[in-house]
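Participant: Following this line is upload20.pdb, made up of PDB, C-alpha atoms:
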MODEL        1
ATOM      1  CA  MET A  12      51.188 -14.109  14.082
ATOM      2  CA  PHE A  13      49.346 -15.620  17.019
ATOM      3  CA  THR A  14      48.476 -19.301  17.366
ATOM      4  CA  ALA A  15      45.626 -20.676  19.471
ATOM      5  CA  GLN A  16      48.112 -21.746  22.135
ATOM      6  CA  ASN A  17      49.911 -18.430  22.506
ATOM      7  CA  ILE A  18      46.630 -16.464  22.316
ATOM      8  CA  LYS A  19      45.372 -18.359  25.372
ATOM      9  CA  ALA A  20      48.718 -17.851  27.115
ATOM     10  CA  ARG A  21      48.615 -14.099  26.468
ATOM     11  CA  LEU A  22      44.956 -13.753  27.444
ATOM     12  CA  SER A  23      45.438 -15.721  30.664
ATOM     13  CA  GLY A  24      47.105 -12.705  32.268
ATOM     14  CA  LYS A  25      44.355 -10.252  31.286
ATOM     15  CA  SER A  26      41.338  -8.933  33.208
ATOM     16  CA  VAL A  27      37.925  -7.978  31.812
ATOM     17  CA  GLY A  28      34.970  -6.393  33.609
ATOM     18  CA  ILE A  29      31.399  -7.021  32.469
ATOM     19  CA  ALA A  30      28.682  -4.597  33.581
ATOM     20  CA  GLY A  31      25.415  -6.501  33.265
ATOM     21  CA  VAL A  32      25.171 -10.263  32.723
ATOM     22  CA  GLY A  33      21.956 -10.628  30.756
ATOM     23  CA  GLY A  34      21.812 -11.530  27.071
ATOM     24  CA  LEU A  35      24.914  -9.594  26.084
ATOM     25  CA  GLY A  36      27.002 -10.016  29.214
ATOM     26  CA  SER A  37      26.378 -13.702  29.883
ATOM     27  CA  ASN A  38      27.122 -14.722  26.293
ATOM     28  CA  CYS A  39      30.116 -12.386  26.025
ATOM     29  CA  ALA A  40      31.511 -13.847  29.268
ATOM     30  CA  ALA A  41      31.152 -17.404  27.929
ATOM     31  CA  ALA A  42      33.033 -16.460  24.745
ATOM     32  CA  LEU A  43      35.807 -14.757  26.741
ATOM     33  CA  VAL A  44      36.213 -17.728  29.093
ATOM     34  CA  ARG A  45      36.429 -20.043  26.079
ATOM     35  CA  ALA A  46      39.021 -17.719  24.506
ATOM     36  CA  GLY A  47      41.152 -17.988  27.648
ATOM     37  CA  VAL A  48      40.786 -14.613  29.396
ATOM     38  CA  GLY A  49      42.320 -15.153  32.815
ATOM     39  CA  LYS A  50      40.203 -12.940  35.065
ATOM     40  CA  ILE A  51      36.623 -11.753  34.598
ATOM     41  CA  THR A  52      34.647  -9.523  36.941
ATOM     42  CA  LEU A  53      30.882 -10.029  36.632
ATOM     43  CA  VAL A  54      28.522  -7.358  37.991
ATOM     44  CA  ASP A  55      24.707  -7.485  38.018
ATOM     45  CA  PHE A  56      21.901  -7.036  40.568
ATOM     46  CA  ASP A  57      19.253  -9.194  38.860
ATOM     47  CA  VAL A  58      18.058 -12.796  39.205
ATOM     48  CA  VAL A  59      17.424 -15.358  36.472
ATOM     49  CA  SER A  60      13.826 -15.435  35.241
ATOM     50  CA  GLU A  61      12.024 -17.677  32.770
ATOM     51  CA  SER A  62      11.885 -14.838  30.231
ATOM     52  CA  ASN A  63      15.714 -14.712  30.182
ATOM     53  CA  LEU A  64      16.100 -18.233  28.847
ATOM     54  CA  ASN A  65      15.394 -17.316  25.213
ATOM     55  CA  ARG A  66      18.720 -15.476  24.874
ATOM     56  CA  GLN A  67      20.815 -15.606  28.039
ATOM     57  CA  PHE A  68      23.394 -18.197  29.125
ATOM     58  CA  TYR A  69      21.250 -19.667  31.909
ATOM     59  CA  PHE A  70      19.219 -22.830  32.408
ATOM     60  CA  GLU A  71      15.714 -23.576  33.663
ATOM     61  CA  ASP A  72      16.925 -25.002  36.967
ATOM     62  CA  GLN A  73      18.668 -21.659  37.659
ATOM     63  CA  ILE A  74      15.455 -19.600  37.659
ATOM     64  CA  GLY A  75      15.426 -17.496  40.830
ATOM     65  CA  MET A  76      19.213 -17.590  41.303
ATOM     66  CA  LYS A  77      21.270 -14.418  41.318
ATOM     67  CA  LYS A  78      22.522 -14.029  37.751
ATOM     68  CA  VAL A  79      26.137 -13.540  38.815
ATOM     69  CA  GLU A  80      26.059 -16.761  40.862
ATOM     70  CA  ALA A  81      24.372 -18.777  38.108
ATOM     71  CA  LEU A  82      26.803 -17.439  35.499
ATOM     72  CA  TYR A  83      29.745 -18.191  37.797
ATOM     73  CA  ASP A  84      28.611 -21.829  37.932
ATOM     74  CA  ASN A  85      28.125 -22.016  34.157
ATOM     75  CA  LEU A  86      31.504 -20.439  33.354
ATOM     76  CA  LYS A  87      33.299 -22.730  35.813
ATOM     77  CA  ARG A  88      31.854 -25.683  33.893
ATOM     78  CA  ILE A  89      33.581 -24.325  30.775
ATOM     79  CA  ARG A  90      36.911 -23.543  32.458
ATOM     80  CA  PRO A  91      37.182 -24.555  36.130
ATOM     81  CA  TYR A  92      40.409 -22.606  36.684
ATOM     82  CA  ALA A  93      39.114 -19.259  35.357
ATOM     83  CA  ALA A  94      39.466 -16.505  37.970
ATOM     84  CA  LEU A  95      35.948 -15.117  38.318
ATOM     85  CA  THR A  96      34.890 -12.327  40.659
ATOM     86  CA  ILE A  97      31.184 -11.684  41.142
ATOM     87  CA  HIS A  98      29.335  -8.687  42.578
ATOM     88  CA  HIS A  99      25.566  -8.869  43.095
ATOM     89  CA  VAL A 100      25.075  -5.098  43.063
ATOM     90  CA  ARG A 101      23.682  -2.418  40.803
ATOM     91  CA  VAL A 102      26.480  -0.512  39.060
ATOM     92  CA  THR A 103      26.399   3.179  39.957
ATOM     93  CA  PRO A 104      28.636   6.170  39.214
ATOM     94  CA  GLN A 105      29.785   5.886  42.842
ATOM     95  CA  ASN A 106      30.902   2.227  42.786
ATOM     96  CA  MET A 107      31.988   1.677  39.183
ATOM     97  CA  HIS A 108      35.588   2.744  39.813
ATOM     98  CA  LEU A 109      35.907   0.224  42.660
ATOM     99  CA  LEU A 110      34.368  -2.528  40.517
ATOM    100  CA  PHE A 111      36.352  -1.985  37.306
ATOM    101  CA  ALA A 112      39.565  -0.049  38.082
ATOM    102  CA  ASP A 113      41.761  -3.158  37.786
ATOM    103  CA  CYS A 114      40.317  -4.270  34.431
ATOM    104  CA  ASP A 115      42.204  -4.084  31.148
ATOM    105  CA  VAL A 116      38.896  -3.713  29.247
ATOM    106  CA  VAL A 117      35.278  -3.205  30.366
ATOM    107  CA  VAL A 118      32.186  -4.491  28.558
ATOM    108  CA  GLU A 119      28.921  -2.523  28.799
ATOM    109  CA  ALA A 120      26.047  -4.999  28.645
ATOM    110  CA  PHE A 121      23.030  -3.235  30.141
ATOM    111  CA  ASP A 122      19.479  -3.763  28.911
ATOM    112  CA  VAL A 123      18.103  -0.236  29.364
ATOM    113  CA  ALA A 124      19.146   2.583  27.007
ATOM    114  CA  GLU A 125      19.330   5.150  29.826
ATOM    115  CA  GLU A 126      21.654   2.907  31.853
ATOM    116  CA  LYS A 127      23.843   2.357  28.793
ATOM    117  CA  ALA A 128      24.080   6.118  28.241
ATOM    118  CA  TRP A 129      25.104   7.113  31.764
ATOM    119  CA  PHE A 130      27.520   4.187  32.091
ATOM    120  CA  ILE A 131      29.304   5.075  28.861
ATOM    121  CA  GLU A 132      29.475   8.732  29.864
ATOM    122  CA  GLU A 133      30.807   7.936  33.343
ATOM    123  CA  MET A 134      33.357   5.407  32.058
ATOM    124  CA  VAL A 135      34.701   7.899  29.531
ATOM    125  CA  CYS A 136      34.962  10.558  32.275
ATOM    126  CA  GLN A 137      36.075   8.475  35.273
ATOM    127  CA  MET A 138      38.260   5.861  33.571
ATOM    128  CA  PRO A 139      39.230   7.226  30.146
ATOM    129  CA  ASP A 140      42.294   4.975  29.858
ATOM    130  CA  ILE A 141      40.287   1.734  30.069
ATOM    131  CA  PRO A 142      38.772   0.673  26.735
ATOM    132  CA  LEU A 143      34.979   0.278  26.874
ATOM    133  CA  VAL A 144      33.182  -2.129  24.526
ATOM    134  CA  ALA A 145      29.485  -1.235  24.406
ATOM    135  CA  ALA A 146      26.484  -2.433  22.397
ATOM    136  CA  SER A 147      23.617  -0.652  20.699
ATOM    137  CA  GLY A 148      20.980  -1.915  18.285
ATOM    138  CA  MET A 149      20.360  -5.649  18.511
ATOM    139  CA  GLY A 150      16.594  -6.034  18.677
ATOM    140  CA  GLY A 151      14.720  -8.432  16.427
ATOM    141  CA  TYR A 152      16.217 -10.750  13.848
ATOM    142  CA  GLY A 153      17.763 -10.745  10.382
ATOM    143  CA  GLN A 154      19.555  -7.865   8.675
ATOM    144  CA  LEU A 155      22.917  -9.090   9.897
ATOM    145  CA  ASP A 156      24.640  -6.932   7.305
ATOM    146  CA  THR A 157      23.639  -3.884   9.387
ATOM    147  CA  LEU A 158      25.727  -5.031  12.379
ATOM    148  CA  ARG A 159      29.061  -3.249  12.686
ATOM    149  CA  VAL A 160      31.799  -2.097  15.032
ATOM    150  CA  VAL A 161      32.203   1.662  15.471
ATOM    151  CA  ARG A 162      35.344   2.999  17.161
ATOM    152  CA  GLN A 163      35.741   6.374  18.845
ATOM    153  CA  GLY A 164      38.994   6.375  20.774
ATOM    154  CA  ASN A 165      38.645   4.026  23.752
ATOM    155  CA  LEU A 166      34.900   3.595  23.137
ATOM    156  CA  ILE A 167      33.927   0.797  20.769
ATOM    157  CA  VAL A 168      30.232   0.121  20.024
ATOM    158  CA  CYS A 169      28.928  -3.131  18.494
ATOM    159  CA  GLY A 170      25.490  -3.529  16.891
ATOM    160  CA  ASP A 171      23.518  -1.635  14.292
ATOM    161  CA  GLY A 172      23.183   1.466  16.462
ATOM    162  CA  ALA A 173      19.485   1.808  15.650
ATOM    163  CA  THR A 174      17.281  -1.243  16.265
ATOM    164  CA  GLU A 175      16.046  -0.836  19.812
ATOM    165  CA  VAL A 176      14.431  -3.682  21.676
ATOM    166  CA  SER A 177      10.629  -3.307  21.597
ATOM    167  CA  GLU A 178       7.436  -5.350  21.379
ATOM    168  CA  GLU A 179       7.826  -5.429  17.583
ATOM    169  CA  SER A 180      11.583  -6.008  17.782
ATOM    170  CA  PRO A 181      12.188  -8.307  20.780
ATOM    171  CA  PRO A 182      15.602  -9.477  21.948
ATOM    172  CA  LEU A 183      16.209 -12.934  20.490
ATOM    173  CA  ALA A 184      19.117 -15.325  20.971
ATOM    174  CA  PRO A 185      20.605 -15.207  17.454
ATOM    175  CA  ARG A 186      21.050 -11.441  17.082
ATOM    176  CA  VAL A 187      21.829 -10.777  20.769
ATOM    177  CA  GLY A 188      24.349 -13.638  20.707
ATOM    178  CA  ILE A 189      26.026 -12.308  17.576
ATOM    179  CA  VAL A 190      26.436  -8.844  19.106
ATOM    180  CA  ALA A 191      27.729 -10.392  22.353
ATOM    181  CA  CYS A 192      30.314 -12.351  20.363
ATOM    182  CA  MET A 193      31.219  -9.199  18.422
ATOM    183  CA  GLN A 194      31.914  -7.570  21.789
ATOM    184  CA  ALA A 195      34.030 -10.544  22.887
ATOM    185  CA  ASP A 196      35.957 -10.454  19.606
ATOM    186  CA  VAL A 197      36.746  -6.753  20.064
ATOM    187  CA  VAL A 198      37.858  -7.430  23.649
ATOM    188  CA  VAL A 199      40.248 -10.167  22.493
ATOM    189  CA  GLU A 200      41.616  -7.851  19.796
ATOM    190  CA  LEU A 201      42.190  -5.075  22.347
ATOM    191  CA  LEU A 202      43.866  -7.409  24.841
ATOM    192  CA  LEU A 203      46.213  -8.818  22.218
ATOM    193  CA  GLN A 204      47.150  -5.327  20.991
ATOM    194  CA  ASP A 205      48.738  -4.700  24.394
ATOM    195  CA  GLU A 206      51.335  -7.372  23.695
TER
ENDMDL
END
Show me, as structure tokens, the structure contained in the file I just sent.
Facilitator:
Amino acid sequence: MFTAQNIKARLSGKSVGIAGVGGLGSNCAAALVRAGVGKITLVDFDVVSESNLNRQFYFEDQIGMKKVEALYDNLKRIRPYAALTIHHVRVTPQNMHLLFADCDVVVEAFDVAEEKAWFIEEMVCQMPDIPLVAASGMGGYGQLDTLRVVRQGNLIVCGDGATEVSEESPPLAPRVGIVACMQADVVVELLLQDE
């Protein structure tokens, strides 16, 4: 059985990639840094906006900053010695292997359903040996009993799989944060299974 001390020791040698550092990715990264993951690669092309502050791990004085740079600063405040690599680029089928090939696990944290779909498909095809922890269905609030983890080989999906983000079902901090932490929990489980 693992203790808090030997979990952190084991996780310190592991590497996780996060594709997208919005509501899911920024909160998942914070949970993984707190858990003790040694190396995290953060990839996103966007900048912090005021509309992000209702659910993402950013602050008002970071509006206008590149998300990967703002998140780097925030994560370093949690754990100054965490090894963080940032890439301010859009993930594409052409660059994803270069960005994530050295990761033990990759987290899919895109906002747009079409981006989620192609990324999952490309990861499964290009890097089938790297576990991918994705998310689907986290819009709105309540109905927490519908959230689940679905496993299909090296693809693990967290969320309810149905509730898309929309005007009637906006992304809010509680539900997005829960799904992000579900992703982080699955990542920790996968990393500790390797031991």
Participant: What is the atom CA of A:Ser147 to atom CA of A:Gly188 distance in Å?
Facilitator: 13.0 Å
Participant: Exactly which residues make up the result of the PyMOL selection byres ((chain A and resi 25-37) around 8) on this file, given as an MDAnalysis selection string?
Facilitator: chainID A and resid 21:24 38:41 48:55 63 66:68 78:79 82 102 110:111 113:122 184 187:188 190:191 202
Participant: Output, as AutoDock Vina command-line options, the centre and edge lengths in Å (one decimal) of the axis-aligned box that contains all listed atoms of stretch 189-200 of chain A with 8 Å of margin on each side.
Facilitator:
--center_x 33.8 --center_y -9.6 --center_z 20.6 --size_x 31.6 --size_y 21.6 --size_z 22.1
Participant: Using the chain letters and numbering of this document, enumerate as JSON, numbers by chain the residues selected by the PyMOL selection byres ((chain A and resi 80) around 10).
Facilitator: {"A": [53, 55, 58, 59, 73, 76, 77, 78, 79, 81, 82, 83, 84, 85, 86, 96, 97, 98, 99]}
Participant: Can you measure atom CA of A:Ala112 to atom CA of A:Pro91 for me? One decimal in Å is fine.
Facilitator: 24.7 Å
Participant: What is the distance, in Å and to one decimal place, between atom CA of A:Ile18 and atom CA of A:Val135?
Facilitator: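 Answer for the atom CA of A:Ile18 to atom CA of A:Val135 separation: 28.1 Å.
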Participant: Given the file above and the PyMOL selection byres ((chain A and resi 197) around 12), which residues are selected, and can you give them as JSON, numbers by chain?
Facilitator: {"A": [27, 39, 42, 43, 116, 117, 118, 142, 143, 144, 145, 146, 159, 160, 161, 162, 165, 166, 167, 168, 169, 190, 191, 192, 193, 194, 195, 196, 198, 199, 200, 201, 202, 203, 204]}
Participant: Using all atoms listed in the file, pick whichever of A:Arg101, A:Asp140, A:Pro181, A:His108 has the shortest atom-to-atom distance to A:Glu126.
Facilitator: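 With all atoms listed in the file as the atom set, the closest residue is A:Arg101.
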Participant: Which of these, A:Val44, A:Ile131, A:Pro182, A:Pro104, has the shortest distance to A:Leu64 once you count all atoms listed in the file?
Facilitator: A:Pro182
Participant: Pick from A:Ile141, A:Met107, A:Ile189, A:Leu183: nearest to A:Leu155, with all atoms listed in the file counted?
Facilitator: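 Nearest to A:Leu155: A:Ile189.
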Participant: Excluding A:Thr174 and residues on its chain fewer than 2 positions from it, collect all residues at most 8 Å away from it, counting all atoms listed in the file, and give them as a PDB file with C-alpha atoms, in the coordinates of the input.
Facilitator:
ATOM      1  CA  SER A 147      23.617  -0.652  20.699  1.00  0.00           C
ATOM      2  CA  GLY A 148      20.980  -1.915  18.285  1.00  0.00           C
ATOM      3  CA  MET A 149      20.360  -5.649  18.511  1.00  0.00           C
ATOM      4  CA  GLY A 150      16.594  -6.034  18.677  1.00  0.00           C
ATOM      5  CA  GLY A 151      14.720  -8.432  16.427  1.00  0.00           C
ATOM      6  CA  ASP A 171      23.518  -1.635  14.292  1.00  0.00           C
ATOM      7  CA  GLY A 172      23.183   1.466  16.462  1.00  0.00           C
ATOM      8  CA  VAL A 176      14.431  -3.682  21.676  1.00  0.00           C
ATOM      9  CA  SER A 180      11.583  -6.008  17.782  1.00  0.00           C
TER      10      SER A 180
END
